[in-house]
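S.K.: I'd like to ask you about the structure that follows.
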Amino acid sequence: MKKVTLYSSLCLAVGWLWSIPAPVQAQTFTNIYTSAGTTNFVVPSGVTQIIVRAWGGGGGSHDSSFNAERPGAGGGAYASSSFAVTSGNSYTIVVGAGGASGNPGQNGGASYVSFSGTTNVLAAGGGGTPDTNTQGPGGSAAASIGTTTFSGGSGGARGTDAGGGGGGSAFTNANGNNGADGSGTTGGAGGTGTGNGGNGGNNGQVGSDGNAPGGGGGGRGNAGVTSGDGAAGRVVIVYTQGVAGPPSALAFSSTPQSVIISNVSALMTVQLRDTNNLTATATNNVIVNLSSSLSGTFRNVGDTANIITVVISNGLTSASFRYIPTVLGSHLLTATASGLTSATQTLTAVDQPTIVQTYFVPFSEENVQ
């Protein structure tokens, strides 16, 4: 299951008029995605810009059947950008997985945000430890995409009998620090970063896993059995959404439909909007009149009665209905209400498909005259 944390804070436009503060103007939200894998972010109504911050996953350290000390793995890179968005668009969010320890240690996955095939922000994952002697490199700023990019720290070298520390993931304003080298029988400390690298194992001890986001795994000590895994990356999206004012317009929140003539449509929904196109709430019952450019019948939600109006009740934001077209063509449906800008949506009525049945008669010379 994806773990998504949503924080909310109020942005106040503070002013004084006769010692009375101005009202709240906007609300800032922070979505934090921490579980490795793919999810989506749909831009809310009224949002025109987002800030994306991403960390790649940390690399995993080397393990093998030969039970000796190992170097540390690299930490994930950091990338961030702010860019314009359109309400309703869906962005793909990928949180890079931490690399598993193994033979060789696995690289951490990249974390990124993309829309319609174009990557907007990408933070490279940290490198796994490729063999018994080579430290994993930190995720590269050069391989990342964003207005701001920093590299993760590299893993530390192994000691005589101790493992190297994992590299720390990048800070938001600097590269992550490298893991310390193992020394004699003492494992190297994990490098610091937004996510610290795992400590290298002392003689006879395991290497520690990296810390989220994107810390690299620490190498095991001699006879320490296992090295550390890398930590998963992270993606953070910050956006500001205005607080809706009083209703000023109607809008269809449902999508246009194509319906077979004389059949009932799926639900169609008309919604209240304010002057900034934010979803607004009714402060009293709003009667919405329904009409069509072509012949048809409006139906209630349960499809049990004909209607010509729907009501957006006090405290709600929308109301729904159905429609039965009785002639072919594009039906322009219009919703109007007193004091509000009207809304339209097209429903296309199509003919019943023609079913063609083909029969085959067995051939026989007796049938030929």
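Identifiers in the structure tokens: chain A, B, ... in order shown; residue index from 1 per chain; ligand index from 1 in order shown.
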Find the spatial neighbours of A:Phe83, counting only C-alpha atoms, within a cut-off of 9 Å - ignore same-chain residues fewer than 2 positions away - and output them as number ranges by chain.

M.R.: A: 48-52, 81, 85, 120

S.K.: Write to file, as a PDB file, in the first residue's frame, the residues of the selection just made, with C-alpha atoms.

M.R.:
```pdb
ATOM      1  CA  THR A  48      -1.665  26.679 -11.215  1.00  0.00           C
ATOM      2  CA  GLN A  49       1.827  25.812  -9.956  1.00  0.00           C
ATOM      3  CA  ILE A  50       3.497  23.068  -7.930  1.00  0.00           C
ATOM      4  CA  ILE A  51       6.889  22.577  -6.298  1.00  0.00           C
ATOM      5  CA  VAL A  52       8.400  19.088  -6.587  1.00  0.00           C
ATOM      6  CA  SER A  81      11.728  22.328  -9.593  1.00  0.00           C
ATOM      7  CA  VAL A  85       0.302  23.015 -14.052  1.00  0.00           C
ATOM      8  CA  ASN A 120       9.633  17.146 -15.043  1.00  0.00           C
TER       9      ASN A 120
END
```

S.K.: If I take atom CA of A:Val259 and atom CA of A:Val350, how far is one from the other in Å, to one decimal?

M.R.: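 Separation of atom CA of A:Val259 and atom CA of A:Val350: 6.1 Å.
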
S.K.: Could you check the closest approach to A:Leu294 for each of A:Ile260, A:Ala280, A:Leu333, A:Val270 and tell me which residue wins, using only C-alpha atoms?

M.R.: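 Among the listed residues, the smallest separation from A:Leu294 belongs to A:Leu333.
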
S.K.: One decimal, Å: what's the distance from atom CA of A:His331 over to atom CA of A:Thr346, could you say?

M.R.: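 Computed distance, atom CA of A:His331 to atom CA of A:Thr346, equals 5.6 Å.
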
S.K.: Any idea what's packed within 6 Å of stretch 182-195 of chain A, counting only C-alpha atoms, ignoring anything in its chain fewer than 2 positions away? Could you give it as number ranges by chain?

M.R.: A: 158-171, 176-180, 197-203, 211-215

S.K.: Just to be explicit: take each residue in the selection above, keep C-alpha atoms, and write the result as a short mmCIF file (atom, residue, chain, number, x, y, z; two decimals), in the first residue's frame.

M.R.:
```cif
data_model
loop_
_atom_site.label_atom_id
_atom_site.label_comp_id
_atom_site.auth_asym_id
_atom_site.auth_seq_id
_atom_site.Cartn_x
_atom_site.Cartn_y
_atom_site.Cartn_z
CA ARG A 158 36.18 -1.45 3.75
CA GLY A 159 38.77 -1.79 6.52
CA THR A 160 40.96 -4.72 7.44
CA ASP A 161 38.05 -6.50 9.14
CA ALA A 162 35.28 -3.87 9.06
CA GLY A 163 32.73 -2.56 6.59
CA GLY A 164 32.52 0.89 5.03
CA GLY A 165 29.68 3.26 5.84
CA GLY A 166 26.91 3.98 3.33
CA GLY A 167 26.68 7.39 1.69
CA GLY A 168 24.08 9.90 2.83
CA SER A 169 21.42 11.11 0.41
CA ALA A 170 21.76 14.68 -0.82
CA PHE A 171 20.63 17.62 1.26
CA GLY A 176 25.27 14.23 0.74
CA ASN A 177 28.35 13.24 2.71
CA ASN A 178 30.39 10.16 1.92
CA GLY A 179 30.35 7.18 4.23
CA ALA A 180 33.45 6.81 6.39
CA GLY A 197 23.84 6.16 5.24
CA GLY A 198 23.93 2.91 7.19
CA ASN A 199 26.94 2.26 9.42
CA GLY A 200 29.52 -0.27 8.35
CA GLY A 201 29.70 -3.39 10.51
CA ASN A 202 32.47 -3.90 13.04
CA ASN A 203 34.38 -7.17 12.88
CA ASN A 211 17.95 5.69 6.43
CA ALA A 212 15.11 7.24 4.45
CA PRO A 213 15.12 8.98 2.17
CA GLY A 214 17.80 7.39 0.04
CA GLY A 215 20.58 6.51 2.48
#
```

S.K.: Out of A:Gly230, A:Gly99, A:Gly127, A:Gly75, which residue has the shortest atom-to-atom distance to A:Gly153 when counting only C-alpha atoms?

M.R.: A:Gly75

S.K.: What does the distance between atom CA of A:Pro104 and atom CA of A:Ala54 come to in Å, to one decimal place?

M.R.: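 Separating atom CA of A:Pro104 from atom CA of A:Ala54 is a distance of 25.8 Å.
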
S.K.: Hey, what does DSSP flag as strand (DSSP E) within stretch 192-350 of chain A? Can you give it to me as a PyMOL selection string?

M.R.: chain A and resi 234-242+249-252+257-260+268-273+286-292+296-299+306-307+309-312+318-325+329-337+340-350

S.K.: For the residues in the current selection, export C-alpha atoms as a CSV table (one decimal), in the first residue's frame.

M.R.:
```csv
chain,number,residue,atom,x,y,z
A,234,ARG,CA,11.0,10.2,-1.5
A,235,VAL,CA,8.8,12.6,-3.5
A,236,VAL,CA,7.3,15.8,-2.1
A,237,ILE,CA,4.7,18.0,-3.9
A,238,VAL,CA,3.8,21.4,-2.5
A,239,TYR,CA,0.9,23.5,-3.9
A,240,THR,CA,-1.2,26.4,-2.9
A,241,GLN,CA,-5.0,26.4,-3.4
A,242,GLY,CA,-7.2,29.4,-2.9
A,249,ALA,CA,-21.1,30.1,-11.9
A,250,LEU,CA,-22.1,26.6,-12.8
A,251,ALA,CA,-19.8,24.1,-14.4
A,252,PHE,CA,-20.2,20.5,-15.5
A,257,GLN,CA,-20.9,11.2,-23.2
A,258,SER,CA,-22.0,9.2,-26.3
A,259,VAL,CA,-25.3,7.5,-25.7
A,260,ILE,CA,-27.4,5.2,-27.9
A,268,MET,CA,-24.1,14.0,-15.3
A,269,THR,CA,-23.0,16.4,-12.6
A,270,VAL,CA,-23.3,20.2,-12.4
A,271,GLN,CA,-21.2,22.0,-9.9
A,272,LEU,CA,-20.9,25.4,-8.2
A,273,ARG,CA,-17.7,27.4,-8.9
A,286,VAL,CA,-29.8,26.5,-5.6
A,287,ILE,CA,-32.4,25.5,-8.2
A,288,VAL,CA,-30.7,24.5,-11.5
A,289,ASN,CA,-32.9,24.6,-14.6
A,290,LEU,CA,-32.1,22.0,-17.3
A,291,SER,CA,-32.6,22.3,-21.1
A,292,SER,CA,-31.4,20.7,-24.3
A,296,GLY,CA,-34.8,14.5,-25.0
A,297,THR,CA,-35.9,13.8,-21.5
A,298,PHE,CA,-34.0,14.7,-18.2
A,299,ARG,CA,-34.3,12.0,-15.5
A,306,ASN,CA,-38.8,12.9,-15.5
A,307,ILE,CA,-37.4,16.2,-14.2
A,309,THR,CA,-34.6,21.0,-12.5
A,310,VAL,CA,-32.1,19.7,-9.9
A,311,VAL,CA,-31.3,21.3,-6.6
A,312,ILE,CA,-27.9,21.9,-5.1
A,318,SER,CA,-23.1,19.8,-6.8
A,319,ALA,CA,-26.2,17.9,-8.1
A,320,SER,CA,-26.5,15.1,-10.6
A,321,PHE,CA,-29.1,13.9,-13.2
A,322,ARG,CA,-29.5,11.6,-16.2
A,323,TYR,CA,-30.7,12.2,-19.8
A,324,ILE,CA,-32.4,10.2,-22.5
A,325,PRO,CA,-31.9,11.5,-26.1
A,329,GLY,CA,-27.2,14.2,-33.0
A,330,SER,CA,-25.3,16.4,-30.6
A,331,HIS,CA,-27.5,17.5,-27.7
A,332,LEU,CA,-26.2,20.7,-26.1
A,333,LEU,CA,-27.3,20.5,-22.5
A,334,THR,CA,-27.6,23.8,-20.6
A,335,ALA,CA,-27.8,24.3,-16.8
A,336,THR,CA,-28.9,27.7,-15.5
A,337,ALA,CA,-29.6,29.2,-12.1
A,340,LEU,CA,-25.0,32.4,-11.7
A,341,THR,CA,-23.2,32.0,-15.1
A,342,SER,CA,-24.7,29.1,-17.0
A,343,ALA,CA,-22.9,25.9,-18.0
A,344,THR,CA,-23.1,23.6,-21.0
A,345,GLN,CA,-22.1,20.1,-22.0
A,346,THR,CA,-22.5,18.0,-25.1
A,347,LEU,CA,-24.1,14.6,-25.2
A,348,THR,CA,-24.0,12.8,-28.6
A,349,ALA,CA,-26.9,10.5,-29.5
A,350,VAL,CA,-25.9,7.6,-31.8
```

S.K.: For A:Gly37, which of A:Ala143, A:Val113, A:Ala282, A:Ile261 is the closest residue, counting only C-alpha atoms?

M.R.: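 Comparing A:Ala143, A:Val113, A:Ala282, A:Ile261 against A:Gly37, the winner is A:Val113.
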
S.K.: Using only C-alpha atoms for the distances, tell me which of A:Ser254, A:Ser338, A:Ser265, A:Asn133 is nearest to A:Asp303.

M.R.: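 The answer is A:Ser265, which sits nearest to A:Asp303.
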
S.K.: Would you kindly return, as a PDB file with N, CA and C atoms, in the first residue's frame, each protein, DNA or RNA residue with an atom no farther than 9 Å from any atom of A:Thr92, considering only C-alpha atoms and excluding same-chain residues fewer than 2 positions away?

M.R.:
```pdb
ATOM      1  N   THR A  38       4.727   3.342  -7.877  1.00  0.00           N
ATOM      2  CA  THR A  38       4.122   4.354  -8.745  1.00  0.00           C
ATOM      3  C   THR A  38       2.733   4.731  -8.252  1.00  0.00           C
ATOM      4  N   THR A  39       2.435   6.012  -8.283  1.00  0.00           N
ATOM      5  CA  THR A  39       1.100   6.514  -7.964  1.00  0.00           C
ATOM      6  C   THR A  39       0.843   7.740  -8.838  1.00  0.00           C
ATOM      7  N   ASN A  40      -0.285   8.416  -8.615  1.00  0.00           N
ATOM      8  CA  ASN A  40      -0.630   9.579  -9.433  1.00  0.00           C
ATOM      9  C   ASN A  40      -1.029  10.753  -8.556  1.00  0.00           C
ATOM     10  N   PHE A  41      -0.773  11.948  -9.058  1.00  0.00           N
ATOM     11  CA  PHE A  41      -1.198  13.184  -8.416  1.00  0.00           C
ATOM     12  C   PHE A  41      -2.041  13.959  -9.415  1.00  0.00           C
ATOM     13  N   VAL A  42      -3.322  14.166  -9.086  1.00  0.00           N
ATOM     14  CA  VAL A  42      -4.220  14.936  -9.943  1.00  0.00           C
ATOM     15  C   VAL A  42      -4.252  16.369  -9.420  1.00  0.00           C
ATOM     16  N   SER A  90      -3.178  14.771 -14.613  1.00  0.00           N
ATOM     17  CA  SER A  90      -2.677  13.719 -13.726  1.00  0.00           C
ATOM     18  C   SER A  90      -1.186  13.500 -13.967  1.00  0.00           C
ATOM     19  N   VAL A  94       6.812   8.452  -9.214  1.00  0.00           N
ATOM     20  CA  VAL A  94       7.541   7.216  -8.946  1.00  0.00           C
ATOM     21  C   VAL A  94       8.527   7.477  -7.813  1.00  0.00           C
ATOM     22  N   TYR A 112      10.955  10.159  -9.582  1.00  0.00           N
ATOM     23  CA  TYR A 112      10.666  11.205 -10.568  1.00  0.00           C
ATOM     24  C   TYR A 112       9.179  11.514 -10.642  1.00  0.00           C
ATOM     25  N   VAL A 113       8.879  12.659 -11.271  1.00  0.00           N
ATOM     26  CA  VAL A 113       7.515  13.095 -11.556  1.00  0.00           C
ATOM     27  C   VAL A 113       7.440  13.404 -13.041  1.00  0.00           C
ATOM     28  N   SER A 114       6.408  12.876 -13.717  1.00  0.00           N
ATOM     29  CA  SER A 114       6.289  13.082 -15.162  1.00  0.00           C
ATOM     30  C   SER A 114       4.838  13.322 -15.542  1.00  0.00           C
ATOM     31  N   PHE A 115       4.661  13.931 -16.717  1.00  0.00           N
ATOM     32  CA  PHE A 115       3.329  14.170 -17.262  1.00  0.00           C
ATOM     33  C   PHE A 115       3.357  13.912 -18.756  1.00  0.00           C
ATOM     34  N   SER A 116       2.463  13.039 -19.200  1.00  0.00           N
ATOM     35  CA  SER A 116       2.288  12.762 -20.624  1.00  0.00           C
ATOM     36  C   SER A 116       3.613  12.406 -21.295  1.00  0.00           C
TER      37      SER A 116
END
```
